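Chemist: Sharing data-v9.cif here; it has mmCIF, C-alpha atoms.
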data_entry
loop_
_atom_site.group_PDB
_atom_site.id
_atom_site.type_symbol
_atom_site.label_atom_id
_atom_site.label_comp_id
_atom_site.auth_asym_id
_atom_site.auth_seq_id
_atom_site.Cartn_x
_atom_site.Cartn_y
_atom_site.Cartn_z
ATOM 1 C CA MET A 1 -32.027 49.262 -6.135
ATOM 2 C CA ASN A 2 -29.463 48.674 -8.899
ATOM 3 C CA ALA A 3 -26.270 46.745 -9.392
ATOM 4 C CA VAL A 4 -23.800 49.283 -10.764
ATOM 5 C CA THR A 5 -20.711 48.663 -12.901
ATOM 6 C CA LEU A 6 -18.130 51.409 -13.453
ATOM 7 C CA THR A 7 -15.542 50.698 -16.148
ATOM 8 C CA LEU A 8 -12.484 52.914 -15.998
ATOM 9 C CA LYS A 9 -11.810 54.855 -19.176
ATOM 10 C CA PRO A 10 -8.281 54.507 -20.600
ATOM 11 C CA ASP A 11 -5.349 56.880 -20.163
ATOM 12 C CA LEU A 12 -6.006 57.909 -16.564
ATOM 13 C CA ILE A 13 -2.962 59.869 -15.377
ATOM 14 C CA ASP A 14 -4.039 61.752 -12.250
ATOM 15 C CA LEU A 15 -4.960 60.366 -8.843
ATOM 16 C CA VAL A 16 -8.689 59.949 -8.263
ATOM 17 C CA ASP A 17 -10.283 60.161 -4.818
ATOM 18 C CA CYS A 18 -12.896 57.385 -4.944
ATOM 19 C CA GLY A 19 -14.251 57.948 -1.446
ATOM 20 C CA ASP A 20 -17.696 58.833 -2.831
ATOM 21 C CA LEU A 21 -18.010 55.683 -4.938
ATOM 22 C CA LEU A 22 -20.001 53.678 -2.407
ATOM 23 C CA PRO A 23 -22.754 51.070 -2.947
ATOM 24 C CA ALA A 24 -25.164 52.696 -0.485
ATOM 25 C CA LYS A 25 -24.850 55.996 -2.318
ATOM 26 C CA LEU A 26 -24.739 54.971 -5.992
ATOM 27 C CA CYS A 27 -26.915 51.861 -6.198
ATOM 28 C CA PRO A 28 -30.220 53.735 -5.664
ATOM 29 C CA MET A 29 -29.311 56.163 -8.510
ATOM 30 C CA SER A 30 -29.858 56.031 -12.266
ATOM 31 C CA SER A 31 -26.923 56.056 -14.708
ATOM 32 C CA ASP A 32 -27.437 59.771 -15.415
ATOM 33 C CA GLU A 33 -27.470 60.630 -11.717
ATOM 34 C CA ILE A 34 -24.304 58.651 -11.098
ATOM 35 C CA GLY A 35 -22.579 60.305 -14.052
ATOM 36 C CA LYS A 36 -23.198 63.762 -12.596
ATOM 37 C CA GLN A 37 -21.579 62.969 -9.243
ATOM 38 C CA LYS A 38 -18.250 64.749 -8.764
ATOM 39 C CA LEU A 39 -14.931 63.178 -7.810
ATOM 40 C CA LYS A 40 -11.705 64.890 -6.847
ATOM 41 C CA VAL A 41 -9.149 64.317 -9.598
ATOM 42 C CA ALA A 42 -5.770 65.861 -8.793
ATOM 43 C CA ARG A 43 -6.728 69.454 -7.834
ATOM 44 C CA SER A 44 -10.047 69.647 -9.646
ATOM 45 C CA MET A 45 -13.538 68.137 -9.423
ATOM 46 C CA ARG A 46 -14.759 66.086 -12.367
ATOM 47 C CA PRO A 47 -17.995 64.185 -13.085
ATOM 48 C CA VAL A 48 -17.962 60.414 -12.702
ATOM 49 C CA ALA A 49 -19.005 60.130 -16.378
ATOM 50 C CA ASP A 50 -15.681 61.714 -17.422
ATOM 51 C CA ILE A 51 -13.741 58.917 -15.691
ATOM 52 C CA PHE A 52 -15.934 55.816 -15.945
ATOM 53 C CA ASP A 53 -18.386 54.206 -18.331
ATOM 54 C CA ILE A 54 -21.517 53.499 -16.299
ATOM 55 C CA GLU A 55 -23.890 50.539 -16.448
ATOM 56 C CA THR A 56 -26.846 49.823 -14.174
ATOM 57 C CA ALA A 57 -29.149 46.810 -13.920
ATOM 58 C CA PRO A 58 -31.780 45.722 -11.406
ATOM 59 C CA GLY A 59 -30.113 43.872 -8.562
ATOM 60 C CA ASP A 60 -28.758 44.067 -5.053
ATOM 61 C CA ALA A 61 -26.536 46.820 -3.678
ATOM 62 C CA THR A 62 -23.375 45.753 -5.507
ATOM 63 C CA LEU A 63 -20.934 48.204 -7.031
ATOM 64 C CA ARG A 64 -18.253 46.825 -9.353
ATOM 65 C CA ILE A 65 -15.230 48.805 -10.595
ATOM 66 C CA ARG A 66 -13.514 47.360 -13.644
ATOM 67 C CA GLY A 67 -10.054 48.270 -14.872
ATOM 68 C CA GLY A 68 -8.660 49.095 -11.446
ATOM 69 C CA THR A 69 -5.338 50.914 -11.127
ATOM 70 C CA ASN A 70 -3.220 52.265 -8.282
ATOM 71 C CA ARG A 71 -4.388 55.733 -9.372
ATOM 72 C CA LEU A 72 -7.686 54.988 -7.624
ATOM 73 C CA GLN A 73 -7.251 56.204 -4.047
ATOM 74 C CA ARG A 74 -9.520 55.720 -0.996
ATOM 75 C CA VAL A 75 -11.641 53.038 -2.651
ATOM 76 C CA GLY A 76 -14.390 52.032 -0.219
ATOM 77 C CA ALA A 77 -13.377 54.664 2.360
ATOM 78 C CA GLY A 78 -16.180 55.127 4.882
ATOM 79 C CA MET A 79 -18.253 52.392 3.218
ATOM 80 C CA ASP A 80 -21.400 51.552 5.196
ATOM 81 C CA GLY A 81 -23.150 48.491 3.784
ATOM 82 C CA GLY A 82 -23.434 46.786 0.413
ATOM 83 C CA ARG A 83 -20.787 45.058 -1.657
ATOM 84 C CA LEU A 84 -17.925 46.686 -3.574
ATOM 85 C CA ILE A 85 -15.866 44.610 -6.019
ATOM 86 C CA VAL A 86 -12.746 45.879 -7.792
ATOM 87 C CA ASP A 87 -11.428 44.007 -10.831
ATOM 88 C CA GLY A 88 -7.794 45.083 -10.738
ATOM 89 C CA ASN A 89 -5.522 47.112 -8.473
ATOM 90 C CA VAL A 90 -6.229 50.016 -6.139
ATOM 91 C CA GLY A 91 -4.087 52.696 -4.537
ATOM 92 C CA ASP A 92 -3.657 53.849 -0.943
ATOM 93 C CA TYR A 93 -6.262 53.940 1.857
ATOM 94 C CA LEU A 94 -8.404 51.057 0.611
ATOM 95 C CA GLY A 95 -11.419 50.751 2.933
ATOM 96 C CA HIS A 96 -10.210 53.523 5.253
ATOM 97 C CA GLU A 97 -12.658 53.782 8.192
ATOM 98 C CA LEU A 98 -14.940 51.179 6.568
ATOM 99 C CA ILE A 99 -18.039 50.810 8.765
ATOM 100 C CA SER A 100 -19.749 47.746 7.303
ATOM 101 C CA GLY A 101 -20.165 45.735 4.104
ATOM 102 C CA GLU A 102 -17.922 43.590 1.926
ATOM 103 C CA LEU A 103 -15.020 44.966 -0.104
ATOM 104 C CA LEU A 104 -13.240 42.605 -2.522
ATOM 105 C CA VAL A 105 -10.150 43.466 -4.594
ATOM 106 C CA SER A 106 -8.845 40.998 -7.192
ATOM 107 C CA GLY A 107 -5.472 42.762 -7.557
ATOM 108 C CA ASP A 108 -3.035 44.631 -5.304
ATOM 109 C CA ALA A 109 -3.558 47.486 -2.848
ATOM 110 C CA GLY A 110 -1.291 50.332 -1.760
ATOM 111 C CA ASP A 111 -0.364 51.634 1.694
ATOM 112 C CA PHE A 112 -2.780 51.848 4.646
ATOM 113 C CA ALA A 113 -5.287 49.255 3.398
ATOM 114 C CA ALA A 114 -8.061 48.824 6.009
ATOM 115 C CA SER A 115 -6.630 51.600 8.180
ATOM 116 C CA GLY A 116 -9.235 52.430 10.798
ATOM 117 C CA GLN A 117 -11.621 49.720 9.564
ATOM 118 C CA ARG A 118 -14.463 49.345 12.092
ATOM 119 C CA ASP A 119 -16.378 46.277 10.907
ATOM 120 C CA GLY A 120 -17.200 44.291 7.772
ATOM 121 C CA LEU A 121 -14.838 42.344 5.517
ATOM 122 C CA ILE A 122 -12.015 43.508 3.251
ATOM 123 C CA HIS A 123 -10.365 40.839 1.099
ATOM 124 C CA VAL A 124 -7.353 41.655 -1.099
ATOM 125 C CA LYS A 125 -6.498 38.718 -3.344
ATOM 126 C CA GLY A 126 -3.192 40.244 -4.437
ATOM 127 C CA ASN A 127 -0.496 41.989 -2.393
ATOM 128 C CA VAL A 128 -0.688 44.955 -0.028
ATOM 129 C CA ARG A 129 2.022 47.446 0.734
ATOM 130 C CA ASP A 130 2.917 48.931 4.140
ATOM 131 C CA TYR A 131 0.685 49.612 7.165
ATOM 132 C CA ALA A 132 -2.178 47.298 6.158
ATOM 133 C CA GLY A 133 -4.615 47.300 9.078
ATOM 134 C CA GLY A 134 -2.392 49.942 10.668
ATOM 135 C CA ALA A 135 -2.827 53.489 11.885
ATOM 136 C CA ALA A 136 -2.758 56.045 9.082
ATOM 137 C CA ASP A 137 -0.508 59.091 9.357
ATOM 138 C CA ALA A 138 -1.017 60.732 12.776
ATOM 139 C CA GLU A 139 -4.009 58.583 13.789
ATOM 140 C CA MET A 140 -3.876 56.759 17.116
ATOM 141 C CA ARG A 141 -5.525 53.458 16.096
ATOM 142 C CA GLY A 142 -5.187 50.973 13.279
ATOM 143 C CA LEU A 143 -7.800 48.303 12.600
ATOM 144 C CA LYS A 144 -10.719 48.856 15.006
ATOM 145 C CA GLY A 145 -12.871 45.852 14.080
ATOM 146 C CA GLY A 146 -13.988 43.584 11.273
ATOM 147 C CA THR A 147 -11.738 41.324 9.223
ATOM 148 C CA LEU A 148 -8.951 41.995 6.721
ATOM 149 C CA VAL A 149 -7.854 39.053 4.552
ATOM 150 C CA VAL A 150 -4.764 39.307 2.331
ATOM 151 C CA SER A 151 -4.052 36.380 0.011
ATOM 152 C CA GLY A 152 -0.754 37.759 -1.317
ATOM 153 C CA LEU A 153 2.310 39.390 0.216
ATOM 154 C CA CYS A 154 2.141 42.056 2.935
ATOM 155 C CA GLY A 155 4.589 44.904 3.387
ATOM 156 C CA ASP A 156 5.981 46.264 6.649
ATOM 157 C CA PHE A 157 4.030 47.328 9.758
ATOM 158 C CA LEU A 158 1.078 44.960 9.309
ATOM 159 C CA GLY A 159 -1.387 45.677 12.139
ATOM 160 C CA TYR A 160 0.475 48.767 13.405
ATOM 161 C CA LYS A 161 -1.440 50.088 16.467
ATOM 162 C CA MET A 162 -4.233 47.623 15.730
ATOM 163 C CA ARG A 163 -7.064 47.960 18.281
ATOM 164 C CA ARG A 164 -9.592 45.198 17.492
ATOM 165 C CA GLY A 165 -10.621 42.776 14.748
ATOM 166 C CA ILE A 166 -8.824 40.073 12.789
ATOM 167 C CA ILE A 167 -6.117 40.208 10.113
ATOM 168 C CA ILE A 168 -5.407 37.059 8.084
ATOM 169 C CA ALA A 169 -2.229 37.125 5.977
ATOM 170 C CA HIS A 170 -1.796 33.956 3.920
ATOM 171 C CA ASP A 171 1.609 34.749 2.388
ATOM 172 C CA VAL A 172 4.898 36.279 3.574
ATOM 173 C CA VAL A 173 4.727 39.409 5.764
ATOM 174 C CA GLY A 174 7.396 42.112 6.035
ATOM 175 C CA ASP A 175 9.129 43.662 9.066
ATOM 176 C CA TYR A 176 7.537 45.176 12.195
ATOM 177 C CA CYS A 177 4.386 43.044 12.128
ATOM 178 C CA ALA A 178 2.146 43.815 15.176
ATOM 179 C CA ASN A 179 4.282 46.855 16.035
ATOM 180 C CA ASN A 180 2.642 48.722 18.965
ATOM 181 C CA MET A 181 -0.358 46.401 18.687
ATOM 182 C CA ILE A 182 -3.029 47.277 21.280
ATOM 183 C CA ALA A 183 -5.414 44.314 20.861
ATOM 184 C CA GLY A 184 -7.005 42.062 18.229
ATOM 185 C CA THR A 185 -5.775 38.995 16.350
ATOM 186 C CA ILE A 186 -3.272 38.595 13.505
ATOM 187 C CA ILE A 187 -3.136 35.185 11.804
ATOM 188 C CA LEU A 188 -0.057 34.405 9.711
ATOM 189 C CA GLY A 189 0.087 31.540 7.234
ATOM 190 C CA GLN A 190 3.754 31.964 6.288
ATOM 191 C CA LYS A 191 6.893 33.514 7.771
ATOM 192 C CA CYS A 192 7.218 37.173 8.644
ATOM 193 C CA GLY A 193 10.174 39.531 8.709
ATOM 194 C CA ASN A 194 12.181 40.984 11.590
ATOM 195 C CA TYR A 195 11.077 42.843 14.730
ATOM 196 C CA LEU A 196 7.804 40.982 15.268
ATOM 197 C CA GLY A 197 5.676 42.329 18.142
ATOM 198 C CA ILE A 198 7.887 45.278 19.090
ATOM 199 C CA GLY A 199 5.886 47.472 21.501
ATOM 200 C CA MET A 200 3.013 44.964 21.640
ATOM 201 C CA ARG A 201 0.625 45.681 24.546
ATOM 202 C CA ARG A 202 -2.088 43.044 24.150
ATOM 203 C CA GLY A 203 -3.603 40.913 21.420
ATOM 204 C CA THR A 204 -2.610 37.701 19.673
ATOM 205 C CA VAL A 205 -0.358 36.794 16.753
ATOM 206 C CA LEU A 206 -0.908 33.211 15.582
ATOM 207 C CA PHE A 207 1.316 31.273 13.173
ATOM 208 C CA LEU A 208 -0.634 28.522 11.409
ATOM 209 C CA GLU A 209 2.549 26.623 10.525
ATOM 210 C CA LYS A 210 5.669 25.608 12.433
ATOM 211 C CA THR A 211 7.936 28.636 12.331
ATOM 212 C CA LYS A 212 11.282 29.494 13.874
ATOM 213 C CA ILE A 213 11.137 32.961 15.401
ATOM 214 C CA ASP A 214 13.544 35.135 17.385
ATOM 215 C CA LEU A 215 11.755 37.089 20.139
ATOM 216 C CA PRO A 216 14.319 38.548 22.583
ATOM 217 C CA THR A 217 11.713 40.622 24.474
ATOM 218 C CA PHE A 218 9.164 37.786 24.857
ATOM 219 C CA ASN A 219 9.092 34.961 27.405
ATOM 220 C CA LEU A 220 8.516 31.386 26.248
ATOM 221 C CA CYS A 221 5.650 30.134 28.420
ATOM 222 C CA GLY A 222 5.416 26.545 27.194
ATOM 223 C CA GLN A 223 3.088 24.445 25.046
ATOM 224 C CA PHE A 224 -0.687 24.706 25.334
ATOM 225 C CA SER A 225 -3.884 23.350 23.837
ATOM 226 C CA LEU A 226 -6.118 26.439 23.812
ATOM 227 C CA PRO A 227 -9.947 26.111 23.563
ATOM 228 C CA ILE A 228 -10.130 29.618 22.071
ATOM 229 C CA LEU A 229 -8.589 28.238 18.863
ATOM 230 C CA THR A 230 -11.738 26.166 18.284
ATOM 231 C CA VAL A 231 -13.914 29.270 18.651
ATOM 232 C CA LEU A 232 -11.655 31.148 16.258
ATOM 233 C CA ARG A 233 -11.801 28.324 13.710
ATOM 234 C CA HIS A 234 -15.599 28.410 13.622
ATOM 235 C CA HIS A 235 -15.515 32.154 12.998
ATOM 236 C CA LEU A 236 -12.950 31.845 10.209
ATOM 237 C CA HIS A 237 -15.115 29.463 8.170
ATOM 238 C CA SER A 238 -17.201 32.434 7.008
ATOM 239 C CA VAL A 239 -14.239 34.610 5.950
ATOM 240 C CA SER A 240 -11.308 32.325 5.097
ATOM 241 C CA HIS A 241 -11.938 28.609 4.650
ATOM 242 C CA GLN A 242 -8.219 28.053 4.000
ATOM 243 C CA ALA A 243 -7.193 29.527 7.366
ATOM 244 C CA ALA A 244 -9.966 27.601 9.144
ATOM 245 C CA MET A 245 -8.766 24.306 7.682
ATOM 246 C CA GLN A 246 -5.159 25.016 8.689
ATOM 247 C CA LEU A 247 -6.271 25.955 12.194
ATOM 248 C CA ALA A 248 -8.187 22.682 12.518
ATOM 249 C CA LYS A 249 -4.886 20.784 12.174
ATOM 250 C CA ILE A 250 -3.254 22.530 15.141
ATOM 251 C CA GLN A 251 -3.251 20.473 18.344
ATOM 252 C CA LYS A 252 -0.880 22.567 20.455
ATOM 253 C CA VAL A 253 0.943 25.887 20.236
ATOM 254 C CA GLN A 254 4.104 27.363 21.710
ATOM 255 C CA ARG A 255 3.106 30.501 23.621
ATOM 256 C CA TYR A 256 5.331 33.564 23.951
ATOM 257 C CA CYS A 257 4.300 36.530 26.138
ATOM 258 C CA GLY A 258 5.423 40.158 25.805
ATOM 259 C CA ASP A 259 6.635 42.679 24.711
ATOM 260 C CA LEU A 260 8.380 42.725 28.123
ATOM 261 C CA GLY A 261 10.074 46.021 27.280
ATOM 262 C CA PHE A 262 6.652 47.668 27.330
ATOM 263 C CA ASP A 263 5.079 45.644 30.176
ATOM 264 C CA GLY A 264 3.031 44.065 27.407
ATOM 265 C CA GLN A 265 0.467 41.303 27.833
ATOM 266 C CA GLY A 266 0.393 40.223 24.215
ATOM 267 C CA GLU A 267 0.907 36.670 23.042
ATOM 268 C CA ILE A 268 2.504 35.058 20.021
ATOM 269 C CA LEU A 269 1.342 31.518 19.320
ATOM 270 C CA VAL A 270 3.270 29.153 17.050
ATOM 271 C CA ALA A 271 1.868 25.839 15.819
ATOM 272 C CA THR A 272 3.932 22.875 17.030
#
What do you get writing this file as C-alpha coordinates?
Modeler:
Amino acid sequence: MNAVTLTLKPDLIDLVDCGDLLPAKLCPMSSDEIGKQKLKVARSMRPVADIFDIETAPGDATLRIRGGTNRLQRVGAGMDGGRLIVDGNVGDYLGHELISGELLVSGDAGDFAASGQRDGLIHVKGNVRDYAGGAADAEMRGLKGGTLVVSGLCGDFLGYKMRRGIIIAHDVVGDYCANNMIAGTIILGQKCGNYLGIGMRRGTVLFLEKTKIDLPTFNLCGQFSLPILTVLRHHLHSVSHQAAMQLAKIQKVQRYCGDLGFDGQGEILVAT
(Lines of atoms letter the chains of each structure in order from A and count residues from 1; the text may use other names and numbers.)
(Lines give C-alpha, C1' and ligand atoms only; values in the text may rest on other atoms or scores of the structure.)
Protein backbone atom coordinates (compact mmCIF):
# COMPACT_ATOMS: atom_id res chain seq x y z
CA MET A 1 0.00 0.00 0.00
CA ASN A 2 1.25 3.49 -0.89
CA ALA A 3 0.64 7.05 0.18
CA VAL A 4 -0.03 8.94 -3.04
CA THR A 5 0.45 12.65 -3.75
CA LEU A 6 -1.02 14.24 -6.88
CA THR A 7 0.20 17.77 -7.64
CA LEU A 8 -1.95 19.66 -10.10
CA LYS A 9 -0.09 20.90 -13.16
CA PRO A 10 -0.49 24.62 -13.93
CA ASP A 11 -2.86 26.25 -16.41
CA LEU A 12 -5.84 23.94 -15.92
CA ILE A 13 -8.79 25.49 -17.77
CA ASP A 14 -11.38 22.74 -18.17
CA LEU A 15 -13.46 21.03 -15.50
CA VAL A 16 -12.06 17.70 -14.30
CA ASP A 17 -14.25 14.89 -12.97
CA CYS A 18 -12.19 13.55 -10.06
CA GLY A 19 -14.63 10.82 -9.07
CA ASP A 20 -12.05 8.11 -9.84
CA LEU A 21 -9.33 9.65 -7.68
CA LEU A 22 -9.99 7.55 -4.59
CA PRO A 23 -7.56 6.19 -1.96
CA ALA A 24 -8.90 2.63 -2.16
CA LYS A 25 -8.35 2.61 -5.91
CA LEU A 26 -5.05 4.47 -6.34
CA CYS A 27 -3.05 3.64 -3.22
CA PRO A 28 -2.40 -0.01 -4.21
CA MET A 29 -1.06 1.15 -7.63
CA SER A 30 2.40 2.20 -8.80
CA SER A 31 3.05 5.70 -10.20
CA ASP A 32 2.94 4.38 -13.78
CA GLU A 33 -0.38 2.62 -13.20
CA ILE A 34 -1.90 5.73 -11.66
CA GLY A 35 -0.66 7.88 -14.54
CA LYS A 36 -2.47 5.69 -17.07
CA GLN A 37 -5.86 6.01 -15.37
CA LYS A 38 -8.31 8.15 -17.36
CA LEU A 39 -10.29 11.13 -16.10
CA LYS A 40 -13.07 13.00 -17.83
CA VAL A 41 -11.83 16.48 -18.72
CA ALA A 42 -14.51 18.60 -20.38
CA ARG A 43 -15.78 16.28 -23.16
CA SER A 44 -12.72 14.07 -23.48
CA MET A 45 -10.86 11.43 -21.45
CA ARG A 46 -7.28 12.18 -20.47
CA PRO A 47 -4.65 10.25 -18.47
CA VAL A 48 -4.02 11.30 -14.88
CA ALA A 49 -0.36 11.94 -15.81
CA ASP A 50 -1.47 14.74 -18.18
CA ILE A 51 -3.14 16.59 -15.29
CA PHE A 52 -1.09 15.76 -12.19
CA ASP A 53 2.50 15.09 -11.20
CA ILE A 54 2.46 11.79 -9.31
CA GLU A 55 4.47 10.72 -6.27
CA THR A 56 4.15 7.49 -4.30
CA ALA A 57 5.80 6.33 -1.08
CA PRO A 58 5.22 3.40 1.26
CA GLY A 59 2.50 4.29 3.74
CA ASP A 60 -1.14 4.01 4.63
CA ALA A 61 -4.06 4.53 2.26
CA THR A 62 -3.76 8.32 2.06
CA LEU A 63 -4.26 10.27 -1.14
CA ARG A 64 -3.24 13.94 -1.16
CA ILE A 65 -4.14 16.43 -3.91
CA ARG A 66 -2.02 19.56 -3.98
CA GLY A 67 -2.87 22.76 -5.82
CA GLY A 68 -6.63 22.35 -5.54
CA THR A 69 -8.94 24.53 -7.62
CA ASN A 70 -12.69 24.82 -8.15
CA ARG A 71 -12.10 23.17 -11.54
CA LEU A 72 -11.81 19.85 -9.69
CA GLN A 73 -15.34 18.44 -9.55
CA ARG A 74 -16.70 15.42 -7.62
CA VAL A 75 -13.61 15.07 -5.43
CA GLY A 76 -14.09 12.05 -3.18
CA ALA A 77 -17.41 11.08 -4.80
CA GLY A 78 -18.32 7.52 -3.85
CA MET A 79 -15.23 7.23 -1.62
CA ASP A 80 -15.18 3.99 0.38
CA GLY A 81 -12.38 3.99 2.94
CA GLY A 82 -8.97 5.60 3.30
CA ARG A 83 -8.05 9.25 3.70
CA LEU A 84 -8.22 11.98 1.05
CA ILE A 85 -6.61 15.37 1.72
CA VAL A 86 -6.93 18.37 -0.60
CA ASP A 87 -4.53 21.29 -0.21
CA GLY A 88 -6.61 24.07 -1.74
CA ASN A 89 -10.12 24.50 -3.13
CA VAL A 90 -12.49 22.07 -4.82
CA GLY A 91 -15.54 22.45 -7.03
CA ASP A 92 -19.06 21.05 -6.83
CA TYR A 93 -20.20 17.66 -5.46
CA LEU A 94 -17.39 17.19 -2.94
CA GLY A 95 -17.83 13.76 -1.32
CA HIS A 96 -21.07 13.03 -3.20
CA GLU A 97 -22.44 9.67 -1.96
CA LEU A 98 -19.32 9.15 0.19
CA ILE A 99 -19.60 5.71 1.83
CA SER A 100 -16.77 5.77 4.37
CA GLY A 101 -13.37 7.30 5.10
CA GLU A 102 -12.06 10.76 5.91
CA LEU A 103 -12.08 13.65 3.44
CA LEU A 104 -10.30 16.87 4.42
CA VAL A 105 -10.25 20.10 2.38
CA SER A 106 -8.05 23.02 3.47
CA GLY A 107 -9.80 25.53 1.18
CA ASP A 108 -13.34 26.17 -0.09
CA ALA A 109 -15.88 23.86 -1.72
CA GLY A 110 -18.60 24.51 -4.28
CA ASP A 111 -22.28 23.54 -4.35
CA PHE A 112 -23.67 20.21 -3.08
CA ALA A 113 -20.76 19.34 -0.76
CA ALA A 114 -21.53 16.05 1.04
CA SER A 115 -24.75 15.56 -0.93
CA GLY A 116 -25.92 12.02 -0.31
CA GLN A 117 -23.05 11.28 2.10
CA ARG A 118 -23.73 7.94 3.83
CA ASP A 119 -21.03 7.71 6.51
CA GLY A 120 -17.50 8.85 7.30
CA LEU A 121 -16.23 12.39 7.88
CA ILE A 122 -15.97 15.37 5.53
CA HIS A 123 -14.26 18.48 6.91
CA VAL A 124 -14.06 21.69 4.87
CA LYS A 125 -11.83 24.23 6.60
CA GLY A 126 -12.87 27.05 4.27
CA ASN A 127 -16.32 28.03 3.00
CA VAL A 128 -18.98 26.01 1.18
CA ARG A 129 -21.55 27.28 -1.25
CA ASP A 130 -25.22 26.24 -1.50
CA TYR A 131 -26.87 22.90 -0.65
CA ALA A 132 -24.07 21.55 1.55
CA GLY A 133 -25.36 18.28 3.02
CA GLY A 134 -28.43 18.76 0.83
CA ALA A 135 -30.16 16.80 -1.90
CA ALA A 136 -28.48 17.18 -5.29
CA ASP A 137 -30.56 18.07 -8.34
CA ALA A 138 -33.62 15.76 -8.50
CA GLU A 139 -32.49 13.44 -5.68
CA MET A 140 -34.89 12.81 -2.80
CA ARG A 141 -32.41 12.81 0.11
CA GLY A 142 -29.56 14.99 1.29
CA LEU A 143 -27.06 13.83 3.90
CA LYS A 144 -27.84 10.18 4.75
CA GLY A 145 -25.27 9.62 7.51
CA GLY A 146 -21.79 10.47 8.73
CA THR A 147 -20.57 13.92 9.68
CA LEU A 148 -19.96 17.11 7.70
CA VAL A 149 -17.91 19.83 9.42
CA VAL A 150 -17.58 23.30 7.88
CA SER A 151 -15.22 25.74 9.59
CA GLY A 152 -16.03 28.69 7.31
CA LEU A 153 -19.19 30.23 5.89
CA CYS A 154 -22.08 28.18 4.48
CA GLY A 155 -24.35 29.23 1.64
CA ASP A 156 -28.11 28.73 1.38
CA PHE A 157 -30.06 25.48 1.86
CA LEU A 158 -27.68 23.84 4.33
CA GLY A 159 -29.06 20.37 5.11
CA TYR A 160 -31.80 20.52 2.45
CA LYS A 161 -33.80 17.24 2.68
CA MET A 162 -31.22 15.88 5.11
CA ARG A 163 -32.11 12.32 6.19
CA ARG A 164 -29.53 11.30 8.84
CA GLY A 165 -26.12 12.25 10.21
CA ILE A 166 -24.64 15.42 11.68
CA ILE A 167 -23.71 18.78 10.13
CA ILE A 168 -21.54 21.17 12.16
CA ALA A 169 -21.30 24.73 10.81
CA HIS A 170 -18.96 26.90 12.89
CA ASP A 171 -19.50 30.20 11.05
CA VAL A 172 -22.46 32.10 9.56
CA VAL A 173 -25.02 30.12 7.53
CA GLY A 174 -27.21 31.48 4.73
CA ASP A 175 -30.98 31.30 4.15
CA TYR A 176 -33.24 28.21 4.17
CA CYS A 177 -31.13 26.18 6.60
CA ALA A 178 -32.83 22.80 7.37
CA ASN A 179 -35.34 23.36 4.56
CA ASN A 180 -37.50 20.20 4.19
CA MET A 181 -35.25 18.44 6.70
CA ILE A 182 -36.38 14.83 7.28
CA ALA A 183 -34.13 13.86 10.22
CA GLY A 184 -30.59 14.22 11.57
CA THR A 185 -28.81 16.98 13.49
CA ILE A 186 -27.51 20.39 12.40
CA ILE A 187 -25.27 22.24 14.88
CA LEU A 188 -24.78 25.97 14.33
CA GLY A 189 -22.03 27.97 16.02
CA GLN A 190 -23.09 31.38 14.69
CA LYS A 191 -26.23 33.02 13.32
CA CYS A 192 -28.06 31.82 10.24
CA GLY A 193 -30.12 33.62 7.63
CA ASN A 194 -33.87 33.77 7.04
CA TYR A 195 -36.46 30.99 6.67
CA LEU A 196 -34.88 28.53 9.10
CA GLY A 197 -36.63 25.13 9.26
CA ILE A 198 -39.23 25.76 6.56
CA GLY A 199 -40.86 22.39 5.75
CA MET A 200 -38.97 20.63 8.56
CA ARG A 201 -40.46 17.19 9.36
CA ARG A 202 -38.16 15.82 12.06
CA GLY A 203 -34.60 16.25 13.25
CA THR A 204 -32.78 18.80 15.39
CA VAL A 205 -31.17 22.18 14.78
CA LEU A 206 -29.01 23.28 17.72
CA PHE A 207 -27.55 26.76 18.25
CA LEU A 208 -24.43 26.63 20.43
CA GLU A 209 -24.72 30.32 21.34
CA LYS A 210 -27.56 32.57 22.47
CA THR A 211 -29.32 33.63 19.30
CA LYS A 212 -32.43 35.65 18.55
CA ILE A 213 -34.53 33.84 15.96
CA ASP A 214 -37.90 34.47 14.31
CA LEU A 215 -39.87 31.22 13.82
CA PRO A 216 -43.52 32.02 12.98
CA THR A 217 -44.40 28.38 12.19
CA PHE A 218 -42.78 26.90 15.34
CA ASN A 219 -44.17 26.71 18.87
CA LEU A 220 -42.01 27.77 21.81
CA CYS A 221 -42.15 24.83 24.22
CA GLY A 222 -40.09 26.22 27.09
CA GLN A 223 -36.64 25.71 28.60
CA PHE A 224 -35.15 22.25 29.07
CA SER A 225 -32.02 20.50 30.27
CA LEU A 226 -31.72 17.62 27.79
CA PRO A 227 -29.60 14.51 28.61
CA ILE A 228 -29.16 13.86 24.88
CA LEU A 229 -26.84 16.89 24.71
CA THR A 230 -24.32 15.04 26.90
CA VAL A 231 -24.39 12.05 24.54
CA LEU A 232 -23.93 14.37 21.58
CA ARG A 233 -20.99 16.12 23.25
CA HIS A 234 -19.13 12.85 23.75
CA HIS A 235 -19.60 12.01 20.07
CA LEU A 236 -18.40 15.42 18.92
CA HIS A 237 -15.04 15.10 20.70
CA SER A 238 -13.83 12.83 17.88
CA VAL A 239 -14.91 15.14 15.02
CA SER A 240 -15.00 18.72 16.33
CA HIS A 241 -13.38 19.50 19.67
CA GLN A 242 -14.46 23.15 19.35
CA ALA A 243 -18.16 22.24 19.07
CA ALA A 244 -17.84 19.74 21.94
CA MET A 245 -16.34 22.38 24.22
CA GLN A 246 -19.09 24.88 23.37
CA LEU A 247 -21.75 22.24 23.98
CA ALA A 248 -20.28 21.47 27.40
CA LYS A 249 -21.07 25.05 28.48
CA ILE A 250 -24.79 24.74 27.72
CA GLN A 251 -26.97 24.12 30.78
CA LYS A 252 -30.41 24.68 29.26
CA VAL A 253 -31.94 25.31 25.85
CA GLN A 254 -35.06 27.00 24.53
CA ARG A 255 -36.99 24.41 22.52
CA TYR A 256 -39.11 25.25 19.48
CA CYS A 257 -41.22 22.58 17.74
CA GLY A 258 -42.40 22.56 14.11
CA ASP A 259 -42.70 23.25 11.21
CA LEU A 260 -46.41 23.40 12.14
CA GLY A 261 -47.35 24.17 8.54
CA PHE A 262 -46.18 20.69 7.60
CA ASP A 263 -47.31 18.83 10.75
CA GLY A 264 -43.60 18.64 11.51
CA GLN A 265 -42.03 17.11 14.60
CA GLY A 266 -38.68 18.82 14.27
CA GLU A 267 -37.03 20.83 17.01
CA ILE A 268 -34.84 23.90 17.12
CA LEU A 269 -32.79 24.27 20.29
CA VAL A 270 -31.20 27.57 21.31
CA ALA A 271 -28.65 27.88 24.12
CA THR A 272 -29.90 30.10 26.95
Chemist: I'd like the contact shell of Gln37 in chain A - 7 Å cut-off, all atoms listed in the file, skipping same-chain residues fewer than 4 positions apart - returned as a list in words.
Modeler: Glu33, Pro47 and Val48 of chain A
Chemist: Can you list what the PyMOL selection byres ((chain A and resi 22) around 12) grabs from this structure, as an NGL selection string?
Modeler: :A and (3-6 or 17-21 or 23-29 or 34 or 37 or 61-65 or 74-86 or 95 or 98-103)
Chemist: Considering all atoms listed in the file, can you say which of A:Gly222, A:Asp92, A:Ala169, A:Asp130 comes closest to Val149 in chain A?
Modeler: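 Under the stated criterion, the closest residue is A:Ala169.
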Chemist: In terms of the shortest atom-to-atom distance over only C-alpha atoms, which of A:Gly203, A:Gly88, A:Gly174, A:Gly107 is closest to Lys191 in chain A?
Modeler: A:Gly174
Chemist: Rounded to one decimal in Å, what is the spacing between CA of Glu209 in chain A and CA of Gly189 in chain A?
Modeler: 6.4 Å
Chemist: One decimal, in Å: what's the spacing between CA of Ala113 in chain A and CA of Thr69 in chain A?
Modeler: 14.6 Å
